[in-house]
Protein chains: 2
Amino acid sequence: MVPTAQMTSEALSQKLADSGLRNTPQREIIYSILTKKRDHPTADEVFARVKAEMPTISLATVYNCLEALVQCNLVRQVNFERGPTRYCPNLHPHAHFHDETTGSTYDIDLPPGLLEQLKSQLPVGYQASDVEITFRGHAAS
Amino acid sequence: MVPTAQMTSEALSQKLADSGLRNTPQREIIYSILTKKRDHPTADEVFARVKAEMPTISLATVYNCLEALVQCNLVRQVNFERGPTRYCPNLHPHAHFHDETTGSTYDIDLPPGLLEQLKSQLPVGYQASDVEITFRGHAAS
DNA sequence: GTGATAATTAGAATAATTCTAACAAAATAG
DNA sequence: CTATTTTGTTAGAATTATTCTAATTATCAC
Ligand SMILES: [Mn+2]
Ligand SMILES: [Mn+2]
Ligand SMILES: [Zn+2]
Ligand SMILES: [Zn+2]
């Protein structure tokens with residue numbers, strides 16, 4: 001996989017500014033760590049990597065910087081459901097809609113075969129036993 | 001939404017037995033609570049509801065029973081990523097493949113427009129700002 | 001420069017989940 | 001049957017990811 005070209009410091013600053021945030025050495029180095037090795041690291045892993053270059057950084061700052069990068073849409077959280085696990089007795093293949101206003105989670109029926117169709121588009125060698133689809137947004141009252 | 005017909009105690013026992021598990025009053029009551037009100041409750045919420053009928057039950061048992069029901073495929077975990085959040089600098093719309101053997105997470109490219117197509121299938125009144133697709137399985141070495 | 005605002009830091013607090021060890025119930029063997 | 005083993009429940013402690021707090025530092029606006 002070809003890594004995406006490194007964003008310039010100025011472009012990073014601009015992206016942060018667009019969200020009312022400043023650029024800082026911590027944010028810059030954390031962003032460069034994420035682009036350097038695209039293995040979806042955890043906050044702790046980022047912490048370990050950044051400490052090698054900036055030994056005084058704190059874990060709280062890593063969390064803060066990652067939040068800033070997510071806020072200005074330079075970084076995605078892969079598992080962004082931070083709350084407790086929820087349980088569903090609906091055995092039909094279905095997706096979930098998470099209403100960010102109310103916190104409620106609703107079942108969403110899917111066209112038959114859609115999950116299998118998605119699985120069939122995986123690259124050769126990828127065997128998925130499960131597919132999870134989660135929508136996040138707002139459901140009209 | 002029409003709730004699915006309540007499973008008989010015998011059918012529940014059979015499903016549990018298929019996975020080498022026994023039926024117990026705790027497992028039965030927790031399963032009935034999940035089917036009674038299908039609002040994707042958390043373990044804590046299940047705990048609160050079951051205590052009304054079985055005041056001596058413990059939270060650990062609620063977690064244990066939910067795990068048993070998930071194991072025998074009567075219940076789904078909606079947010080089953082229990083580990084730490086992971087971070088991804090890939091801004092293209094894409095899905096993730098989580099290799100359960102190695103714990104690695106890979107980017108999966110999606111056909112253009114697929115996410116929008118999925119969003120457009122939501123019932124009227126549901127406005128999704130985001131869709132997350134996660135495959136779980138095994139990737140060939 | 002000076003005060004206001006934003007960011008970083010260390011450490012404490014929180015909260016979901018898991019673990020441990022003891023007890024109880026159910027199945028199995030003799 | 002009765003003993004033994006296995007499975008399940010329980011209370012409470014431990015773990016762990018994340019968030020909060022309060023103090024310090026850096027940047028910005030004037
Ligand atoms: Mn979860
Ligand atoms: Mn997470
Ligand atoms: Zn559901
Ligand atoms: Zn990704």
# chains A, B, ... in the order shown; residues from 1 in each chain; ligands from 1
$ residues_near_ligand --ligand "ligand 3" --cutoff "9 Å" --atoms "only C-alpha atoms (C1' of nucleotides) and all ligand atoms" --output "NGL selection string"
(:A and (86-97 or 105-108)) or (:B and (38-40 or 76-78))
$ residues_around --residues "D:DA29" --least-positions-apart "5" --cutoff "10 Å" --atoms "only C-alpha atoms (C1' of nucleotides)" --output "PyMOL selection string"
chain C and resi 3-5
$ interface_residues --of "chain B" --to "chain D" --cutoff "9 Å" --atoms "only C-alpha atoms (C1' of nucleotides)" --output "list in words"
Leu21, Arg22, Thr24, Thr56, Ile57, Ser58, Leu59, Ala60, Thr61, Gly83, Pro84 and Thr85 of chain B
$ write_last_selection --atoms "all heavy atoms" --output "mmCIF file, in the first residue's frame"
data_model
loop_
_atom_site.group_PDB
_atom_site.id
_atom_site.type_symbol
_atom_site.label_atom_id
_atom_site.label_comp_id
_atom_site.auth_asym_id
_atom_site.auth_seq_id
_atom_site.Cartn_x
_atom_site.Cartn_y
_atom_site.Cartn_z
ATOM 1 N N LEU B 21 -24.008 -25.517 26.988
ATOM 2 C CA LEU B 21 -24.343 -24.708 28.163
ATOM 3 C C LEU B 21 -25.686 -25.147 28.735
ATOM 4 O O LEU B 21 -26.572 -25.604 28.008
ATOM 5 C CB LEU B 21 -24.410 -23.228 27.769
ATOM 6 C CG LEU B 21 -23.111 -22.620 27.221
ATOM 7 C CD1 LEU B 21 -23.387 -21.296 26.528
ATOM 8 C CD2 LEU B 21 -22.091 -22.457 28.326
ATOM 9 N N ARG B 22 -25.838 -24.972 30.047
ATOM 10 C CA ARG B 22 -27.111 -25.318 30.689
ATOM 11 C C ARG B 22 -28.044 -24.127 30.695
ATOM 12 O O ARG B 22 -27.612 -22.984 30.638
ATOM 13 C CB ARG B 22 -26.864 -25.718 32.142
ATOM 14 C CG ARG B 22 -26.016 -26.941 32.314
ATOM 15 C CD ARG B 22 -25.809 -27.191 33.801
ATOM 16 N NE ARG B 22 -24.826 -28.240 34.009
ATOM 17 C CZ ARG B 22 -24.155 -28.405 35.143
ATOM 18 N NH1 ARG B 22 -24.375 -27.597 36.162
ATOM 19 N NH2 ARG B 22 -23.281 -29.381 35.264
ATOM 20 N N THR B 24 -30.549 -21.866 32.944
ATOM 21 C CA THR B 24 -30.691 -21.509 34.364
ATOM 22 C C THR B 24 -31.769 -20.432 34.457
ATOM 23 O O THR B 24 -32.072 -19.778 33.461
ATOM 24 C CB THR B 24 -29.380 -20.932 34.933
ATOM 25 O OG1 THR B 24 -29.124 -19.669 34.302
ATOM 26 C CG2 THR B 24 -28.206 -21.858 34.709
ATOM 27 N N THR B 56 -31.677 -10.963 44.028
ATOM 28 C CA THR B 56 -30.391 -11.455 44.521
ATOM 29 C C THR B 56 -29.345 -11.613 43.425
ATOM 30 O O THR B 56 -28.200 -11.958 43.697
ATOM 31 C CB THR B 56 -30.572 -12.827 45.201
ATOM 32 O OG1 THR B 56 -31.069 -13.743 44.217
ATOM 33 C CG2 THR B 56 -31.549 -12.736 46.358
ATOM 34 N N ILE B 57 -29.729 -11.360 42.167
ATOM 35 C CA ILE B 57 -28.776 -11.584 41.078
ATOM 36 C C ILE B 57 -27.624 -10.581 41.154
ATOM 37 O O ILE B 57 -27.790 -9.460 41.653
ATOM 38 C CB ILE B 57 -29.482 -11.516 39.697
ATOM 39 C CG1 ILE B 57 -28.624 -12.198 38.634
ATOM 40 C CG2 ILE B 57 -29.785 -10.059 39.351
ATOM 41 C CD1 ILE B 57 -29.344 -12.370 37.310
ATOM 42 N N SER B 58 -26.470 -11.000 40.681
ATOM 43 C CA SER B 58 -25.299 -10.118 40.717
ATOM 44 C C SER B 58 -24.967 -9.600 39.318
ATOM 45 O O SER B 58 -25.341 -10.210 38.312
ATOM 46 C CB SER B 58 -24.089 -10.872 41.261
ATOM 47 O OG SER B 58 -23.602 -11.764 40.293
ATOM 48 N N LEU B 59 -24.255 -8.478 39.278
ATOM 49 C CA LEU B 59 -23.849 -7.908 37.990
ATOM 50 C C LEU B 59 -22.936 -8.871 37.242
ATOM 51 O O LEU B 59 -23.035 -9.015 36.020
ATOM 52 C CB LEU B 59 -23.152 -6.565 38.209
ATOM 53 C CG LEU B 59 -22.625 -5.860 36.963
ATOM 54 C CD1 LEU B 59 -23.725 -5.600 35.948
ATOM 55 C CD2 LEU B 59 -21.948 -4.542 37.346
ATOM 56 N N ALA B 60 -22.071 -9.553 37.967
ATOM 57 C CA ALA B 60 -21.177 -10.519 37.315
ATOM 58 C C ALA B 60 -21.994 -11.591 36.601
ATOM 59 O O ALA B 60 -21.647 -12.006 35.487
ATOM 60 C CB ALA B 60 -20.244 -11.148 38.340
ATOM 61 N N THR B 61 -23.071 -12.021 37.220
ATOM 62 C CA THR B 61 -23.921 -13.026 36.586
ATOM 63 C C THR B 61 -24.584 -12.471 35.338
ATOM 64 O O THR B 61 -24.720 -13.181 34.333
ATOM 65 C CB THR B 61 -24.982 -13.522 37.581
ATOM 66 O OG1 THR B 61 -24.323 -14.136 38.673
ATOM 67 C CG2 THR B 61 -25.923 -14.523 36.931
ATOM 68 N N GLY B 83 -11.998 -3.440 23.036
ATOM 69 C CA GLY B 83 -10.654 -2.912 23.248
ATOM 70 C C GLY B 83 -10.621 -1.416 23.074
ATOM 71 O O GLY B 83 -11.656 -0.770 22.913
ATOM 72 N N PRO B 84 -9.442 -0.874 23.114
ATOM 73 C CA PRO B 84 -9.281 0.568 22.976
ATOM 74 C C PRO B 84 -9.593 1.039 21.561
ATOM 75 O O PRO B 84 -9.455 0.301 20.595
ATOM 76 C CB PRO B 84 -7.802 0.794 23.307
ATOM 77 C CG PRO B 84 -7.155 -0.525 23.120
ATOM 78 C CD PRO B 84 -8.175 -1.559 23.375
ATOM 79 N N THR B 85 -10.005 2.278 21.470
ATOM 80 C CA THR B 85 -10.251 2.926 20.189
ATOM 81 C C THR B 85 -8.983 2.964 19.362
ATOM 82 O O THR B 85 -7.886 3.145 19.887
ATOM 83 C CB THR B 85 -10.724 4.369 20.445
ATOM 84 O OG1 THR B 85 -11.906 4.320 21.240
ATOM 85 C CG2 THR B 85 -11.017 5.097 19.148
#
$ select_by_dssp --residues "stretch 7-135 of chain B" --states "strand (DSSP E or B)" --output "PyMOL selection string"
chain B and resi 42+76-77+86-88+94-99+105-109+126-135
$ interface_residues --of "chain C" --to "chain B" --cutoff "10 Å" --atoms "only C-alpha atoms (C1' of nucleotides)" --output "VMD selection string"
chain C and resid 16 to 18 25 to 26
$ atom_distance --atom1 "atom CA of A:Ser9" --atom2 "atom CA of A:Leu74"
12.8 Å
$ closest_residue --among "A:Val124, A:Leu118, A:Val75, A:Ala17" --to "chain B" --atoms "only C-alpha atoms"
A:Val75
$ select_by_dssp --residues "stretch 48-135 of chain A" --states "helix (DSSP H, G or I)" --output "number ranges by chain"
A: 48-53, 59-71, 114-120
$ atom_distance --atom1 "atom CA of A:Ala140" --atom2 "atom CA of B:Asp130"
16.0 Å
$ atom_distance --atom1 "atom CA of B:Ala11" --atom2 "atom CA of A:Val131"
26.7 Å
$ residues_around --residues "A:Cys72" --least-positions-apart "6" --cutoff "7 Å" --atoms "only C-alpha atoms (C1' of nucleotides)" --output "mmCIF file with N, CA and C atoms, in the first residue's frame"
data_model
loop_
_atom_site.group_PDB
_atom_site.id
_atom_site.type_symbol
_atom_site.label_atom_id
_atom_site.label_comp_id
_atom_site.auth_asym_id
_atom_site.auth_seq_id
_atom_site.Cartn_x
_atom_site.Cartn_y
_atom_site.Cartn_z
ATOM 1 N N LYS A 15 -5.933 23.065 8.455
ATOM 2 C CA LYS A 15 -7.024 22.164 8.813
ATOM 3 C C LYS A 15 -7.440 22.347 10.268
ATOM 4 N N LEU A 16 -6.443 22.466 11.140
ATOM 5 C CA LEU A 16 -6.749 22.687 12.549
ATOM 6 C C LEU A 16 -7.462 24.029 12.730
ATOM 7 N N SER A 19 -11.078 24.373 12.241
ATOM 8 C CA SER A 19 -11.919 23.941 13.360
ATOM 9 C C SER A 19 -11.649 24.761 14.617
#
$ closest_residue --among "A:Met54, A:Ala68, A:Leu34, A:Ala48" --to "chain B" --atoms "only C-alpha atoms"
A:Leu34
$ closest_residue --among "B:Glu10, B:Asn79, B:Asp18, B:Glu28" --to "ligand 2" --atoms "only C-alpha atoms and all ligand atoms"
B:Asn79
